[in-house]
Amino acid sequence: MKITVINGTEKRGVTYKLKKIFLERFQSAEITEFYLPKDCPAFCCGCTNCFMRGEDTCKDHVYISAIEKSLILSDLIVMTSPSYVMHVTGAMKTLLDHFGYRWMPHRPAAEMFGKRAVIITQCLGAGATSTAKDIKHSLSWWGISKIEVFKCSLMSDIVWSSLPEKKRKHLTNKINRLACKFARFNYAKPARTKIRTKIKFELCRFIQKRVRKNGIIGLDNKYWHDNGWLDNSRPWNKT
Ligand SMILES: Cc1cc2nc3c(=O)[nH]c(=O)nc-3n(C[C@H](O)[C@H](O)[C@H](O)COP(=O)(O)O)c2cc1C
């Protein structure tokens, strides 16, 4: 089993600790970890090269292609971020921007439709829900149906060792339960694509069909056509 972890911070703090506890259940898995901003240090500059001319023409292609290759090969994707002003870290947002071309209206990777993903986030008081939503929004538009969230509010301190023992136990048990659940899945079988994902895909397909009818055959449209998605082929039937 292969796991890709994208850490939204390089800090070895509470988010790191929770992720570590989660991964303890996957001792035999091949785990590849990326730490942000180190492994994707540059902002998307809005050149739109990825959309219009291909992802290989992005100035940050070396970083993005390494992460993407790992994501495509993995059975489970783990994304982590503490809540910064109610949202993901700037580093995580930078990564998500870079994967804009993989959103369903553009060129979603067929492999993503069968993946499973876990989001781990925490905050001091408020913001974990909106932080998780930032990541979930992208993952779901990449085509992933099976996404679960671990979130919590620390309420007392932002340093793991300074949290009350009772709180640490509670968080450890909670993330262990999620890890046990994900460790039980049969990763030889792709996750089921939910109806909501299928509806989103059909909406994008409708747009791409219209675009083609109007004779605007860009990179995205060619991709949809070449995958057979404008005909009867669907990504979830292939994974
Ligand atoms: C720049 C910054 C912004 C933060 N914003 C929030 C926030 O909006 N709400 C909140 O409850 N905690 C906030 N926190 C606390 C973090 O969510 C988190 O609990 C803390 O940084 C510990 O996590 P870590 O050790 O994984 O970095 C913020 C922390 C930082 C450094």
# chains A, B, ... in the order shown; residues from 1 in each chain; ligands from 1
>>> select_by_dssp(residues="region 122-230 of chain A", states="alpha helix (DSSP H)", output="JSON, numbers by chain")
{"A": [128, 129, 130, 131, 132, 133, 134, 135, 136, 137, 138, 139, 140, 141, 142, 165, 166, 167, 168, 169, 170, 171, 172, 173, 174, 175, 176, 177, 178, 179, 180, 181, 182, 183, 195, 196, 197, 198, 199, 200, 201, 202, 203, 204, 205, 206, 207, 208, 209, 210, 211, 212, 213, 219, 220, 221, 222, 223, 224, 225, 226]}
>>> residues_around(residues="region 108-125 of chain A", least_positions_apart="3", cutoff="8 Å", atoms="only C-alpha atoms", output="CSV table (one decimal) with C-alpha atoms, in the first residue's frame")
chain,number,residue,atom,x,y,z
A,14,VAL,CA,0.5,19.6,16.9
A,15,THR,CA,-0.5,18.9,13.3
A,18,LEU,CA,-1.6,14.1,15.0
A,19,LYS,CA,-0.4,13.0,11.6
A,72,ILE,CA,-1.3,9.3,-8.7
A,74,SER,CA,-0.8,6.3,-3.9
A,75,ASP,CA,-3.8,4.4,-2.5
A,76,LEU,CA,-4.3,6.9,0.3
A,77,ILE,CA,-3.7,10.7,0.3
A,78,VAL,CA,-3.2,12.5,3.6
A,79,MET,CA,-3.3,16.3,3.7
A,80,THR,CA,-2.6,18.2,6.8
A,81,SER,CA,-2.7,21.9,7.8
A,82,PRO,CA,-3.1,23.8,11.0
A,83,SER,CA,-5.7,26.6,10.8
A,84,TYR,CA,-4.2,30.0,10.0
A,101,TYR,CA,-5.5,22.5,-13.8
A,102,ARG,CA,-6.5,19.1,-12.3
A,103,TRP,CA,-10.0,20.4,-11.3
A,104,MET,CA,-12.8,18.6,-13.0
A,105,PRO,CA,-13.7,21.3,-15.5
A,128,ALA,CA,-10.7,23.9,11.8
A,131,THR,CA,-9.6,24.9,7.0
A,132,ALA,CA,-10.7,21.4,6.2
A,135,ILE,CA,-8.6,21.2,1.2
A,136,LYS,CA,-11.8,19.2,0.7
A,142,TRP,CA,-9.9,16.6,-8.3
A,143,GLY,CA,-12.5,13.7,-8.5
A,144,ILE,CA,-12.0,12.1,-5.0
A,145,SER,CA,-15.2,10.8,-3.4
A,146,LYS,CA,-13.9,9.2,-0.3
A,147,ILE,CA,-12.7,12.1,1.9
A,148,GLU,CA,-12.7,12.1,5.7
A,149,VAL,CA,-11.7,14.9,8.0
A,150,PHE,CA,-10.0,14.9,11.4
A,151,LYS,CA,-10.5,18.2,13.0
A,152,CYS,CA,-10.3,19.6,16.6
A,153,SER,CA,-10.0,22.7,18.6
A,154,LEU,CA,-7.2,22.6,21.2
A,155,MET,CA,-8.8,25.2,23.5
A,156,SER,CA,-6.0,25.4,26.0
A,157,ASP,CA,-2.5,25.6,24.4
A,158,ILE,CA,-1.0,25.2,21.0
A,190,PRO,CA,-10.8,1.6,-5.8
A,191,ALA,CA,-13.1,3.7,-3.7
A,192,ARG,CA,-16.7,4.0,-5.0
A,193,THR,CA,-17.4,7.2,-6.9
A,235,PRO,CA,-13.0,7.8,-15.3
A,236,TRP,CA,-14.6,5.7,-12.4
A,238,LYS,CA,-11.3,2.6,-15.4
A,239,THR,CA,-9.9,2.8,-11.9
>>> closest_residue(among="A:His87, A:Lys20, A:Arg205, A:Lys213", to="ligand 1", atoms="only C-alpha atoms and all ligand atoms")
A:His87
>>> closest_residue(among="A:Asp134, A:Asp97, A:Asp220, A:Glu165", to="Cys204 (chain A)", atoms="only C-alpha atoms")
A:Asp220
>>> closest_residue(among="A:Ala126, A:Ile3, A:Cys40, A:Ala66", to="ligand 1", atoms="only C-alpha atoms and all ligand atoms")
A:Ala126
>>> atom_distance(atom1="CA of Ser130 (chain A)", atom2="CA of Phe34 (chain A)")
22.5 Å
>>> closest_residue(among="A:Leu178, A:Ile217, A:Leu96, A:Ala188", to="Glu68 (chain A)", atoms="only C-alpha atoms")
A:Leu96
>>> residues_around(residues="Ala183 (chain A)", least_positions_apart="5", cutoff="10 Å", atoms="only C-alpha atoms", output="PDB file with N, CA and C atoms, in the first residue's frame")
ATOM      1  N   PHE A  22      -1.628   9.070  13.385  1.00  0.00           N
ATOM      2  CA  PHE A  22      -2.457   8.468  12.328  1.00  0.00           C
ATOM      3  C   PHE A  22      -1.644   7.426  11.544  1.00  0.00           C
ATOM      4  N   LEU A  23      -0.419   7.783  11.175  1.00  0.00           N
ATOM      5  CA  LEU A  23       0.394   6.912  10.315  1.00  0.00           C
ATOM      6  C   LEU A  23       0.913   5.661  11.028  1.00  0.00           C
ATOM      7  N   ARG A  25      -0.644   3.398  12.318  1.00  0.00           N
ATOM      8  CA  ARG A  25      -1.477   2.241  11.932  1.00  0.00           C
ATOM      9  C   ARG A  25      -1.050   1.658  10.588  1.00  0.00           C
ATOM     10  N   PHE A  26      -0.156   2.342   9.881  1.00  0.00           N
ATOM     11  CA  PHE A  26       0.192   1.918   8.516  1.00  0.00           C
ATOM     12  C   PHE A  26       1.684   1.574   8.424  1.00  0.00           C
ATOM     13  N   LEU A  76      -3.734   6.025  -0.692  1.00  0.00           N
ATOM     14  CA  LEU A  76      -4.318   6.927   0.303  1.00  0.00           C
ATOM     15  C   LEU A  76      -3.554   8.249   0.306  1.00  0.00           C
ATOM     16  N   ARG A 177      -9.011   6.125  16.010  1.00  0.00           N
ATOM     17  CA  ARG A 177     -10.243   5.518  15.470  1.00  0.00           C
ATOM     18  C   ARG A 177     -10.320   5.719  13.962  1.00  0.00           C
ATOM     19  N   LEU A 178      -9.959   6.923  13.518  1.00  0.00           N
ATOM     20  CA  LEU A 178      -9.991   7.221  12.080  1.00  0.00           C
ATOM     21  C   LEU A 178      -8.931   6.379  11.344  1.00  0.00           C
TER      22      LEU A 178
END
>>> atom_distance(atom1="CA of Cys58 (chain A)", atom2="CA of Phe43 (chain A)")
11.1 Å
>>> select_by_dssp(residues="region 31-232 of chain A", states="strand (DSSP E)", output="PyMOL selection string")
chain A and resi 31-35+76-82+116-123+146-153
>>> atom_distance(atom1="CA of Leu163 (chain A)", atom2="CA of Lys181 (chain A)")
25.8 Å
>>> closest_residue(among="A:Arg12, A:His137, A:Lys174, A:Lys2", to="ligand 1", atoms="only C-alpha atoms and all ligand atoms")
A:Arg12
>>> closest_residue(among="A:Lys222, A:Lys167, A:Lys189, A:Lys200", to="Met1 (chain A)", atoms="only C-alpha atoms")
A:Lys189
>>> residues_around(residues="Gln208 (chain A)", least_positions_apart="5", cutoff="8 Å", atoms="only C-alpha atoms", output="PDB file with N, CA and C atoms, in the first residue's frame")
ATOM      1  N   PRO A 105     -13.414  20.653 -14.261  1.00  0.00           N
ATOM      2  CA  PRO A 105     -13.747  21.337 -15.515  1.00  0.00           C
ATOM      3  C   PRO A 105     -12.556  21.385 -16.481  1.00  0.00           C
ATOM      4  N   ASN A 221     -10.280  20.511 -23.740  1.00  0.00           N
ATOM      5  CA  ASN A 221     -11.271  19.831 -24.569  1.00  0.00           C
ATOM      6  C   ASN A 221     -10.675  18.607 -25.267  1.00  0.00           C
ATOM      7  N   TRP A 224     -10.451  15.796 -22.727  1.00  0.00           N
ATOM      8  CA  TRP A 224     -11.746  15.128 -22.515  1.00  0.00           C
ATOM      9  C   TRP A 224     -12.056  14.207 -23.691  1.00  0.00           C
ATOM     10  N   LEU A 230     -16.166  12.376 -23.726  1.00  0.00           N
ATOM     11  CA  LEU A 230     -17.260  13.038 -24.443  1.00  0.00           C
ATOM     12  C   LEU A 230     -18.158  11.973 -25.076  1.00  0.00           C
TER      13      LEU A 230
END
